[in-house]
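Structure first, commentary second.
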Amino acid sequence: MARIVTGIGSSHGPQLKMAPELWHVRGTADRRNTSLDFRGETYTFAELAALREDFTDQCTAEVQTRRAASCQSALDDLGRHLEKADVDVLVIVSSDHKEVYDDELLPAFAVYWGDEVAHVPFTQAQLDAMPPGLAEAAFGDVPDHLITRPTASALARHLIEETVGSGFDTAASKRLPPGDYANHGIPHGFGFIYQRILGETSAVPFVPVFVNTFYEPNPPTARRCVAFGQALAAAIASFPEDIRVGLVASGGLSHFVVDEELDQRFLTALRDGDTAALTKFTPEEMRSGSSELRNWITVAAAANIAGLSVNSVRYEPCYRTEAGTGNAMGFVTWSQA
């Protein structure tokens, strides 16, 4: 039978893929944003700045350089952790920023079960059309040439069938839609795991599991993500092949407005293996980029069922403006107790 032997959680925000002296470029986009979500309400940049404390001292070159270095060290540690675990397959849970699924169909949960999947570089025209700072970061998500990545299609189909049997209407995708970039390729939440953590040349096969974290009207509740994670764990355990499976949560933590209170409450639930606490995070808390906590909740619930425990946590609140916008970066590992 298949065994879940390890897990990791990693942020994948653009600040991880650009030098800290360029973080202000994303700050430029924040200043133009008229709908910054924070604790259930929406603000302009000026309104947010008036509401919160002044984070200017968190945006100095010295602080940002230190935090950037800490993040890169944490990513290196995640790569070593997975290498040591010697997994046969990864189940990667991430969200899709309408790079693949769009308003024609937004599944709450979807599993890709094709035999392989394309990891496609951006064209210059696509890079030129990106918002401020995203083009600079995009090379951290994609290779500079087409790579066909192996997938674990038999396991993926099994996960679909078993989670459907557990009461989930899991969407089955054997061919990814063309999406924003018309290339039928995996989006950045999955690509980043290979480009930065596994290594671009990694041949470890994976199962892409999509959670609609961002988009109304059907993002799943925290309770539903917990139940889906538990169903995934049970499905993996019932797969008849003797394989070592690793779990990956990609995304988060709080952003585009950093909320350290939310992050610390969430990380405490992970450390404690407190599945009940994970169900308590509300839709109002999981909005905008912070919605990607749903990916982590799914993986954490699966890890708890599999008997894994958190054995390392790294956290860096990477502020980029005085209003407290930015990306809180989290890096967590789970291992067998």
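Chain labels follow the order of the structure tokens: the first chain is A, the next B, and so on; residue numbering restarts at 1 in every chain, and ligands are counted from 1 in their shown order.
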
Enumerate, in order of chain and increasing residue number, the residues of segment 85-120 of chain A with an atom no farther than 6 Å from segment 166-183 of chain A, each with its shortest atom pair and distance in Å to one decimal, counting only C-alpha atoms, as a Markdown table.
| residue | atom | partner | partner_atom | distance |
| --- | --- | --- | --- | --- |
| A:Glu99 | CA | A:Asp180 | CA | 4.8 |
| A:Val100 | CA | A:Gly179 | CA | 3.9 |
| A:Phe109 | CA | A:Thr170 | CA | 5.5 |
| A:Ala110 | CA | A:Ala171 | CA | 4.3 |
| A:Val111 | CA | A:Ala172 | CA | 5.4 |
| A:Tyr112 | CA | A:Ser173 | CA | 4.6 |
| A:Trp113 | CA | A:Lys174 | CA | 5.1 |
| A:Gly114 | CA | A:Lys174 | CA | 4.4 |

How would the residues just picked look written out with C-alpha atoms as a PDB file, in the first residue's frame?
ATOM      1  CA  GLU A  99      -4.090  30.605 -15.328  1.00  0.00           C
ATOM      2  CA  VAL A 100      -5.900  27.365 -16.161  1.00  0.00           C
ATOM      3  CA  PHE A 109     -11.493  20.699  -6.092  1.00  0.00           C
ATOM      4  CA  ALA A 110      -9.920  19.212  -9.209  1.00  0.00           C
ATOM      5  CA  VAL A 111      -7.327  16.511  -9.851  1.00  0.00           C
ATOM      6  CA  TYR A 112      -5.294  16.272 -13.046  1.00  0.00           C
ATOM      7  CA  TRP A 113      -4.866  12.646 -14.142  1.00  0.00           C
ATOM      8  CA  GLY A 114      -3.174  12.883 -17.523  1.00  0.00           C
TER       9      GLY A 114
END

Residues of segment 46-99 of chain A that have any atom at most 10 Å from an atom of segment 202-223 of chain A: could you tabulate them with the shortest-distance atom pair and the distance in Å to one decimal, using only C-alpha atoms, ordered by chain and increasing number, as a Markdown table?
| residue | atom | partner | partner_atom | distance |
| --- | --- | --- | --- | --- |
| A:Asp86 | CA | A:Val204 | CA | 9.6 |
| A:Val87 | CA | A:Val204 | CA | 7.8 |
| A:Asp88 | CA | A:Val204 | CA | 6.6 |
| A:Val89 | CA | A:Pro205 | CA | 5.3 |
| A:Leu90 | CA | A:Phe206 | CA | 4.5 |
| A:Val91 | CA | A:Val207 | CA | 4.7 |
| A:Ile92 | CA | A:Pro208 | CA | 5.3 |
| A:Val93 | CA | A:Val209 | CA | 4.7 |
| A:Ser94 | CA | A:Phe210 | CA | 5.4 |
| A:Ser95 | CA | A:Val211 | CA | 5.1 |
| A:Asp96 | CA | A:Asn212 | CA | 6.8 |
| A:His97 | CA | A:Phe214 | CA | 7.3 |
| A:Lys98 | CA | A:Tyr215 | CA | 8.9 |

Please produce a file of those selected residues containing N, CA and C atoms, as a tab-separated table (two decimals), in the first residue's frame.
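The result, stored in out_14.tsv:
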chain	number	residue	atom	x	y	z
A	86	ASP	N	13.13	10.87	0.05
A	86	ASP	CA	13.21	9.88	-1.03
A	86	ASP	C	11.82	9.42	-1.48
A	87	VAL	N	10.99	10.40	-1.84
A	87	VAL	CA	9.62	10.07	-2.24
A	87	VAL	C	9.58	9.54	-3.67
A	88	ASP	N	8.58	8.72	-3.94
A	88	ASP	CA	8.34	8.23	-5.30
A	88	ASP	C	7.40	9.15	-6.06
A	89	VAL	N	6.50	9.80	-5.33
A	89	VAL	CA	5.47	10.66	-5.94
A	89	VAL	C	5.20	11.82	-5.00
A	90	LEU	N	4.91	12.98	-5.56
A	90	LEU	CA	4.42	14.11	-4.79
A	90	LEU	C	2.97	14.40	-5.16
A	91	VAL	N	2.16	14.66	-4.15
A	91	VAL	CA	0.81	15.19	-4.37
A	91	VAL	C	0.89	16.67	-4.00
A	92	ILE	N	0.81	17.53	-5.01
A	92	ILE	CA	0.97	18.97	-4.82
A	92	ILE	C	-0.40	19.63	-4.83
A	93	VAL	N	-0.73	20.30	-3.74
A	93	VAL	CA	-2.01	21.00	-3.61
A	93	VAL	C	-1.75	22.49	-3.75
A	94	SER	N	-2.36	23.10	-4.75
A	94	SER	CA	-2.16	24.53	-4.96
A	94	SER	C	-3.40	25.13	-5.60
A	95	SER	N	-3.36	26.43	-5.74
A	95	SER	CA	-4.49	27.17	-6.31
A	95	SER	C	-4.14	27.61	-7.73
A	96	ASP	N	-5.14	28.13	-8.40
A	96	ASP	CA	-4.97	28.55	-9.79
A	96	ASP	C	-5.51	29.96	-9.92
A	97	HIS	N	-4.67	30.90	-10.35
A	97	HIS	CA	-5.09	32.29	-10.48
A	97	HIS	C	-5.73	32.52	-11.85
A	98	LYS	N	-6.63	31.64	-12.21
A	98	LYS	CA	-7.25	31.63	-13.53
A	98	LYS	C	-6.20	31.53	-14.63

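All residues in segment 176-241 of chain A with a DSSP state of helix (DSSP H, G or I), computed from the backbone, read A:His188, A:Gly189, A:Phe190, A:Gly191, A:Phe192, A:Ile193, A:Tyr194, A:Gln195, A:Arg196, A:Ile197, A:Leu198, A:Gly199, A:Ala222, A:Arg223, A:Arg224, A:Cys225, A:Val226, A:Ala227, A:Phe228, A:Gly229, A:Gln230, A:Ala231, A:Leu232, A:Ala233, A:Ala234, A:Ala235, A:Ile236, A:Ala237.
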
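If you measure from each of A:Arg31, A:Arg224, A:His12, A:Arg39 to Glu260 of chain A using only C-alpha atoms, the closest one turns out to be A:Arg39.
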
> segment 164-234 of chain A: which residues are strand (DSSP E) by DSSP, as an MDAnalysis selection string?
Replying inline: chainID A and resid 171:173 206:211

Next, dump the selected residues to file, keeping only C-alpha atoms, as a PDB file, in the first residue's frame.
ATOM      1  CA  ALA A 171     -13.444  17.418 -10.956  1.00  0.00           C
ATOM      2  CA  ALA A 172     -11.350  15.174 -13.198  1.00  0.00           C
ATOM      3  CA  SER A 173      -9.036  16.858 -15.669  1.00  0.00           C
ATOM      4  CA  PHE A 206       3.431  14.387  -9.213  1.00  0.00           C
ATOM      5  CA  VAL A 207      -0.316  14.655  -8.942  1.00  0.00           C
ATOM      6  CA  PRO A 208      -1.624  18.223  -9.348  1.00  0.00           C
ATOM      7  CA  VAL A 209      -4.539  18.876  -6.985  1.00  0.00           C
ATOM      8  CA  PHE A 210      -6.304  22.201  -7.557  1.00  0.00           C
ATOM      9  CA  VAL A 211      -8.261  24.076  -4.903  1.00  0.00           C
TER      10      VAL A 211
END

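The smallest atom-to-atom distance between Leu22 of chain A and any of A:Glu136, A:Glu47, A:Glu62, A:Glu162, using only C-alpha atoms, is found for A:Glu136.
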
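Minimum atom-to-atom distances from A:Leu155, A:Leu270, A:Ile297, A:Met286 to Phe256 of chain A were compared using only C-alpha atoms, and the lowest value belongs to A:Met286.
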
> Which residue out of A:Pro14, A:Gly307, A:Gly40, A:Pro107 has the minimum interatomic distance to Ala135 of chain A when only C-alpha atoms are used?
Replying inline: A:Pro14

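Interatomic distance, atom CA of Arg196 of chain A against atom CA of Ala68 of chain A: 14.3 Å.
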
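Rounded to one decimal, atom CA of Glu292 of chain A and atom CA of Gln264 of chain A lie 15.2 Å from each other.
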
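With atom CA of Ser35 of chain A on one side and atom CA of Val257 of chain A on the other, the separation reads 10.8 Å.
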
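Of the listed residues (A:Ala19, A:Leu278, A:Ala249, A:Leu82), A:Leu82 comes nearest to Thr6 of chain A; the distances count only C-alpha atoms.
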
>> With only C-alpha atoms as the counted atoms, please give the residues lying no more than 10 Å from Ala69 of chain A, apart from itself and same-chain residues fewer than 6 positions off, as a ChimeraX atom specification.
In response: /A:16,19-20,75

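Of the residues listed (A:Ala269, A:Ala237, A:Ile160, A:Phe55), A:Ala237 shows the shortest atom-to-atom separation from Ala306 of chain A; distances use only C-alpha atoms.
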
I'd like the neighbourhood of Ala118 of chain A as a CSV table (one decimal) with N, CA and C atoms, in the first residue's frame, where a residue qualifies if any of its atoms comes within 6 Å (using only C-alpha atoms), though same-chain residues fewer than 2 positions away should be ignored.
chain,number,residue,atom,x,y,z
A,120,VAL,N,5.6,25.2,-19.3
A,120,VAL,CA,5.9,26.0,-20.5
A,120,VAL,C,6.4,27.4,-20.2
A,148,THR,N,8.4,18.6,-20.3
A,148,THR,CA,7.3,17.7,-20.1
A,148,THR,C,7.5,17.0,-18.8
A,185,GLY,N,-0.6,24.4,-19.9
A,185,GLY,CA,0.5,24.0,-18.9
A,185,GLY,C,0.1,24.2,-17.5
